[in-house]
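Q: Sending over a structure as structure tokens; questions will come in a sec.
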Amino acid sequence: AAVPTPSSSSSTLHTIAPLIKDLPLVRRGSSGPSGLAVHAPSSGSPVSLFVSDHGLDTITESTLSSLSSHRREHRRGRVVGGFGTDPGCLIGPCDLCIADDYLFIAESHGISAFDVNTLACAHKWGRVGRGDGEFKSVAGLAAKAGELYACDTGNCRIQVFGTSDGRFLRAFGNKGDAPGQFRKPVAVIVVGGMAAAGSATTVSAGRELTRVIVAESIGRRVQVLGYSGAPLQLISSLAAPLQTPAQLVPDDDEGEEEAEESEDVAARAGREED
């Protein structure tokens with residue numbers, strides 16, 4: 001039988017894999033990588049790979065020689081973070097997103113923005129709660145046209161902030177199964193023609209074409225929504241039954257899932273004090 005020709009995406013994966021497989025990113029105490037982001041300033045320039053580590057509360061940068069070469073040259077660079085609530089410190093970092101020269105980091109109950117070049121903490125916001133700019137566990141991040149979209153998982157909504165200063169702009173969604181509602185949103189991407197600047201007509205037209213795509217873990221579906229959160233389409237609904245009781249996750253605002261997370265944070269806080 002003929003061997004199929006790899007697709008372009010498959011070829012890209014085979015090209016990148018030799019570069020990153022030997023990176024010394026996992027260290028003692030690490031829970032393993034929990035988020036990735038790549039920063040490529042210009043063609044031919046070194047590529048920075050950022051990896052978050054939920055267990056160590058850190059972001060590690062490694063510099064790759066090139067994404068278009070099979071050479072395994074890399075240089076482990078800077079490490080930022082460490083457990084804490086002060087600017088520059090992190091608690092449970094997971095998803096990463098790069099936009100407008102900032103590296104945005106989703107934390108347990110907040111978001112940090114680091115200058116992607118200097119890795120200095122530019123701004124940090126969020127705390128536990130239900131109000132604007134407050135969270136109950138931040139998961140996926142996405143950015144487009146000067147706006148940062150964040151999955152506020154425990155509050156079952158998407159919050160939107162300005163990338164330049166973290167200013168709250170709007171939020172949409174709440175807990176439920178109806179279109180436009182969410183049950184534990186964990187990932188988001190934004191596509192379409194949204195414009196950050198221009199005439200009012202241009203901006204309005206761009207917003208009309210913007211699509212926000214949200215994946216839900218407990219909801220087991222992917223929704224497509226408009227700029228302001230109006231439901232437009234259901235892409236998939238994964239209704240496969242749970243296989244074991246261990247896969248059951250309490251869907252209670254004060255449930256066991258959050259208690260375990262709080263215990264984990266408290267334990268690491270005690271470790272830091274020791």
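Residue numbering restarts at 1 for every chain of the structure tokens, chains are lettered A, B, ... in their displayed order, and ligands are numbered from 1 as they appear.
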Which residues in region 118-236 of chain A does DSSP call strand (DSSP E)? List them as an MDAnalysis selection string.
A: chainID A and resid 121:125 138:144 147:152 157:162 168:172 185:191 211:216 221:225 231:236
Q: Could you pull the residues within 9 Å of Ile105 (chain A), counting only C-alpha atoms, minus those fewer than 4 positions along the same chain, as a list in words?
A: Gly35, Ser52, Ile59, Leu90, Pro93, Cys94, Asp95, Leu96, Cys97, Ile98, Gly110, Ile111, Ser112, Ala113, Phe114 and Leu141 of chain A
Q: Could you write out the selected residues, including C-alpha atoms, as a compact mmCIF listing (two decimals), in the first residue's frame?
A:
# COMPACT_ATOMS: atom_id res chain seq x y z
CA GLY A 35 0.38 25.77 29.19
CA SER A 52 3.84 27.17 32.55
CA ILE A 59 6.92 30.19 33.72
CA LEU A 90 1.99 33.24 40.45
CA PRO A 93 -0.42 29.12 36.27
CA CYS A 94 -2.01 27.24 33.39
CA ASP A 95 -2.97 28.64 29.99
CA LEU A 96 -0.75 31.21 28.26
CA CYS A 97 -1.52 33.77 25.57
CA ILE A 98 0.73 36.32 23.82
CA GLY A 110 -6.58 35.87 38.40
CA ILE A 111 -4.51 36.94 35.41
CA SER A 112 -0.96 38.27 35.20
CA ALA A 113 0.54 40.17 32.26
CA PHE A 114 4.31 40.11 31.74
CA LEU A 141 -7.26 32.60 27.33
Q: Tell me which protein, DNA and RNA residues are within 8 Å of Val80 (chain A), counting only C-alpha atoms, leaving out same-chain ones fewer than 6 positions away, and put them as an mmCIF file with all heavy atoms, in the first residue's frame.
A:
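Everything below was put into result-v3.cif:
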data_model
loop_
_atom_site.group_PDB
_atom_site.id
_atom_site.type_symbol
_atom_site.label_atom_id
_atom_site.label_comp_id
_atom_site.auth_asym_id
_atom_site.auth_seq_id
_atom_site.Cartn_x
_atom_site.Cartn_y
_atom_site.Cartn_z
ATOM 1 N N THR A 58 5.524 28.570 38.157
ATOM 2 C CA THR A 58 6.524 29.291 37.380
ATOM 3 C C THR A 58 6.221 29.261 35.887
ATOM 4 O O THR A 58 5.442 28.433 35.405
ATOM 5 C CB THR A 58 7.928 28.682 37.579
ATOM 6 O OG1 THR A 58 7.893 27.294 37.195
ATOM 7 C CG2 THR A 58 8.394 28.807 39.018
ATOM 8 N N ILE A 59 6.879 30.185 35.179
ATOM 9 C CA ILE A 59 6.925 30.187 33.715
ATOM 10 C C ILE A 59 8.383 30.079 33.318
ATOM 11 O O ILE A 59 9.219 30.859 33.784
ATOM 12 C CB ILE A 59 6.332 31.482 33.120
ATOM 13 C CG1 ILE A 59 4.922 31.733 33.663
ATOM 14 C CG2 ILE A 59 6.330 31.404 31.596
ATOM 15 C CD1 ILE A 59 3.906 30.681 33.316
ATOM 16 N N THR A 60 8.709 29.116 32.474
ATOM 17 C CA THR A 60 10.073 28.926 32.003
ATOM 18 C C THR A 60 10.153 29.289 30.526
ATOM 19 O O THR A 60 9.306 28.888 29.732
ATOM 20 C CB THR A 60 10.529 27.466 32.186
ATOM 21 O OG1 THR A 60 10.487 27.137 33.576
ATOM 22 C CG2 THR A 60 11.943 27.267 31.671
ATOM 23 N N GLY A 88 4.382 39.674 39.879
ATOM 24 C CA GLY A 88 5.527 38.847 39.513
ATOM 25 C C GLY A 88 5.465 37.448 40.064
ATOM 26 O O GLY A 88 6.160 36.555 39.580
ATOM 27 N N CYS A 89 4.625 37.232 41.090
ATOM 28 C CA CYS A 89 4.421 35.900 41.647
ATOM 29 C C CYS A 89 3.189 35.267 40.999
ATOM 30 O O CYS A 89 2.340 35.968 40.443
ATOM 31 C CB CYS A 89 4.249 35.963 43.161
ATOM 32 S SG CYS A 89 5.699 36.558 44.056
ATOM 33 N N LEU A 119 10.104 40.223 30.459
ATOM 34 C CA LEU A 119 9.473 39.367 31.466
ATOM 35 C C LEU A 119 9.284 40.075 32.801
ATOM 36 O O LEU A 119 9.231 39.448 33.861
ATOM 37 C CB LEU A 119 10.253 38.060 31.650
ATOM 38 C CG LEU A 119 10.146 37.065 30.499
ATOM 39 C CD1 LEU A 119 10.779 35.725 30.873
ATOM 40 C CD2 LEU A 119 8.697 36.853 30.068
#
Q: What separation in Å, quoted to one decimal, exists between CA of Phe168 (chain A) and CA of Pro33 (chain A)?
A: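 Computing the Euclidean distance for CA of Phe168 (chain A) and CA of Pro33 (chain A) yields 28.7 Å.
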Q: Smallest atom-to-atom distance to Arg183 (chain A): which of A:Thr201, A:Glu208, A:Arg167, A:Arg221, using only C-alpha atoms?
A: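 Nearest to Arg183 (chain A): A:Arg221.
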Q: Compare A:Lys124, A:Arg130, A:Arg78, A:Arg170 by their minimum atom-to-atom distance to Glu147 (chain A), counting only C-alpha atoms, and give me the closest one.
A: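 Of the candidates, the smallest distance to Glu147 (chain A) is held by A:Arg170.
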Q: Point out the residue among A:Phe104, A:Phe135, A:Phe182, A:Trp125 with the least atom-to-atom distance to Val222 (chain A), counting only C-alpha atoms.
A: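 Looking only at the distances to Val222 (chain A), the closest residue turns out to be A:Phe182.
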Q: Would you list the contacts of Val138 (chain A) as a list in words, taking every protein, DNA or RNA residue within 7 Å and counting only C-alpha atoms, but skipping same-chain residues closer than 3 positions in sequence?
A: Ala106, Glu107, Ser108, His109, Gly110, Phe135, Ala150, Cys151, Asp152 and Thr153 of chain A
Q: What does the structure give for the distance between CA of Ser48 (chain A) and CA of Phe161 (chain A), in Å to one decimal?
A: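 Separation between CA of Ser48 (chain A) and CA of Phe161 (chain A): 25.0 Å.
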Q: Step one, run DSSP on the backbone; step two, keep only residues of region 38-212 of chain A assigned to alpha helix (DSSP H); then write them as a list in words.
A: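 The alpha helix (DSSP H) residues within region 38-212 of chain A come out as Ala200, Thr201, Thr202, Val203, Ser204, Ala205, Gly206, Arg207, Glu208 and Leu209 of chain A.
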Q: Taking 2 positions as the minimum chain separation for residues in the same chain, which residues sit within 6 Å of Tyr227 (chain A) when counting only C-alpha atoms? Answer as a PyMOL selection string.
A: chain A and resi 207+210+229
Q: Residues as selected, all heavy atoms, written as a PDB file, in the first residue's frame, can you do that?
A:
ATOM      1  N   ARG A 207     -16.948  43.792  14.444  1.00  0.00           N
ATOM      2  CA  ARG A 207     -17.583  43.090  15.558  1.00  0.00           C
ATOM      3  C   ARG A 207     -18.680  42.162  15.071  1.00  0.00           C
ATOM      4  O   ARG A 207     -18.897  41.085  15.645  1.00  0.00           O
ATOM      5  CB  ARG A 207     -18.131  44.099  16.559  1.00  0.00           C
ATOM      6  CG  ARG A 207     -17.035  44.838  17.336  1.00  0.00           C
ATOM      7  CD  ARG A 207     -17.601  45.902  18.252  1.00  0.00           C
ATOM      8  NE  ARG A 207     -16.544  46.537  19.039  1.00  0.00           N
ATOM      9  CZ  ARG A 207     -16.734  47.548  19.872  1.00  0.00           C
ATOM     10  NH1 ARG A 207     -17.963  48.047  20.045  1.00  0.00           N
ATOM     11  NH2 ARG A 207     -15.718  48.059  20.548  1.00  0.00           N
ATOM     12  N   THR A 210     -17.094  38.930  14.173  1.00  0.00           N
ATOM     13  CA  THR A 210     -16.320  38.239  15.208  1.00  0.00           C
ATOM     14  C   THR A 210     -17.077  37.026  15.736  1.00  0.00           C
ATOM     15  O   THR A 210     -18.282  37.079  15.966  1.00  0.00           O
ATOM     16  CB  THR A 210     -16.020  39.197  16.373  1.00  0.00           C
ATOM     17  OG1 THR A 210     -15.199  40.259  15.893  1.00  0.00           O
ATOM     18  CG2 THR A 210     -15.285  38.476  17.499  1.00  0.00           C
ATOM     19  N   GLY A 229     -21.621  37.740  22.943  1.00  0.00           N
ATOM     20  CA  GLY A 229     -22.045  36.510  23.592  1.00  0.00           C
ATOM     21  C   GLY A 229     -23.351  35.932  23.102  1.00  0.00           C
ATOM     22  O   GLY A 229     -23.837  34.952  23.670  1.00  0.00           O
TER      23      GLY A 229
END
Q: Between A:Lys184, A:Pro41, A:Thr202, A:Ser31, which residue has the minimum interatomic distance to Val214 (chain A), considering only C-alpha atoms?
A: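 The shortest atom-to-atom distance to Val214 (chain A) comes from A:Lys184.
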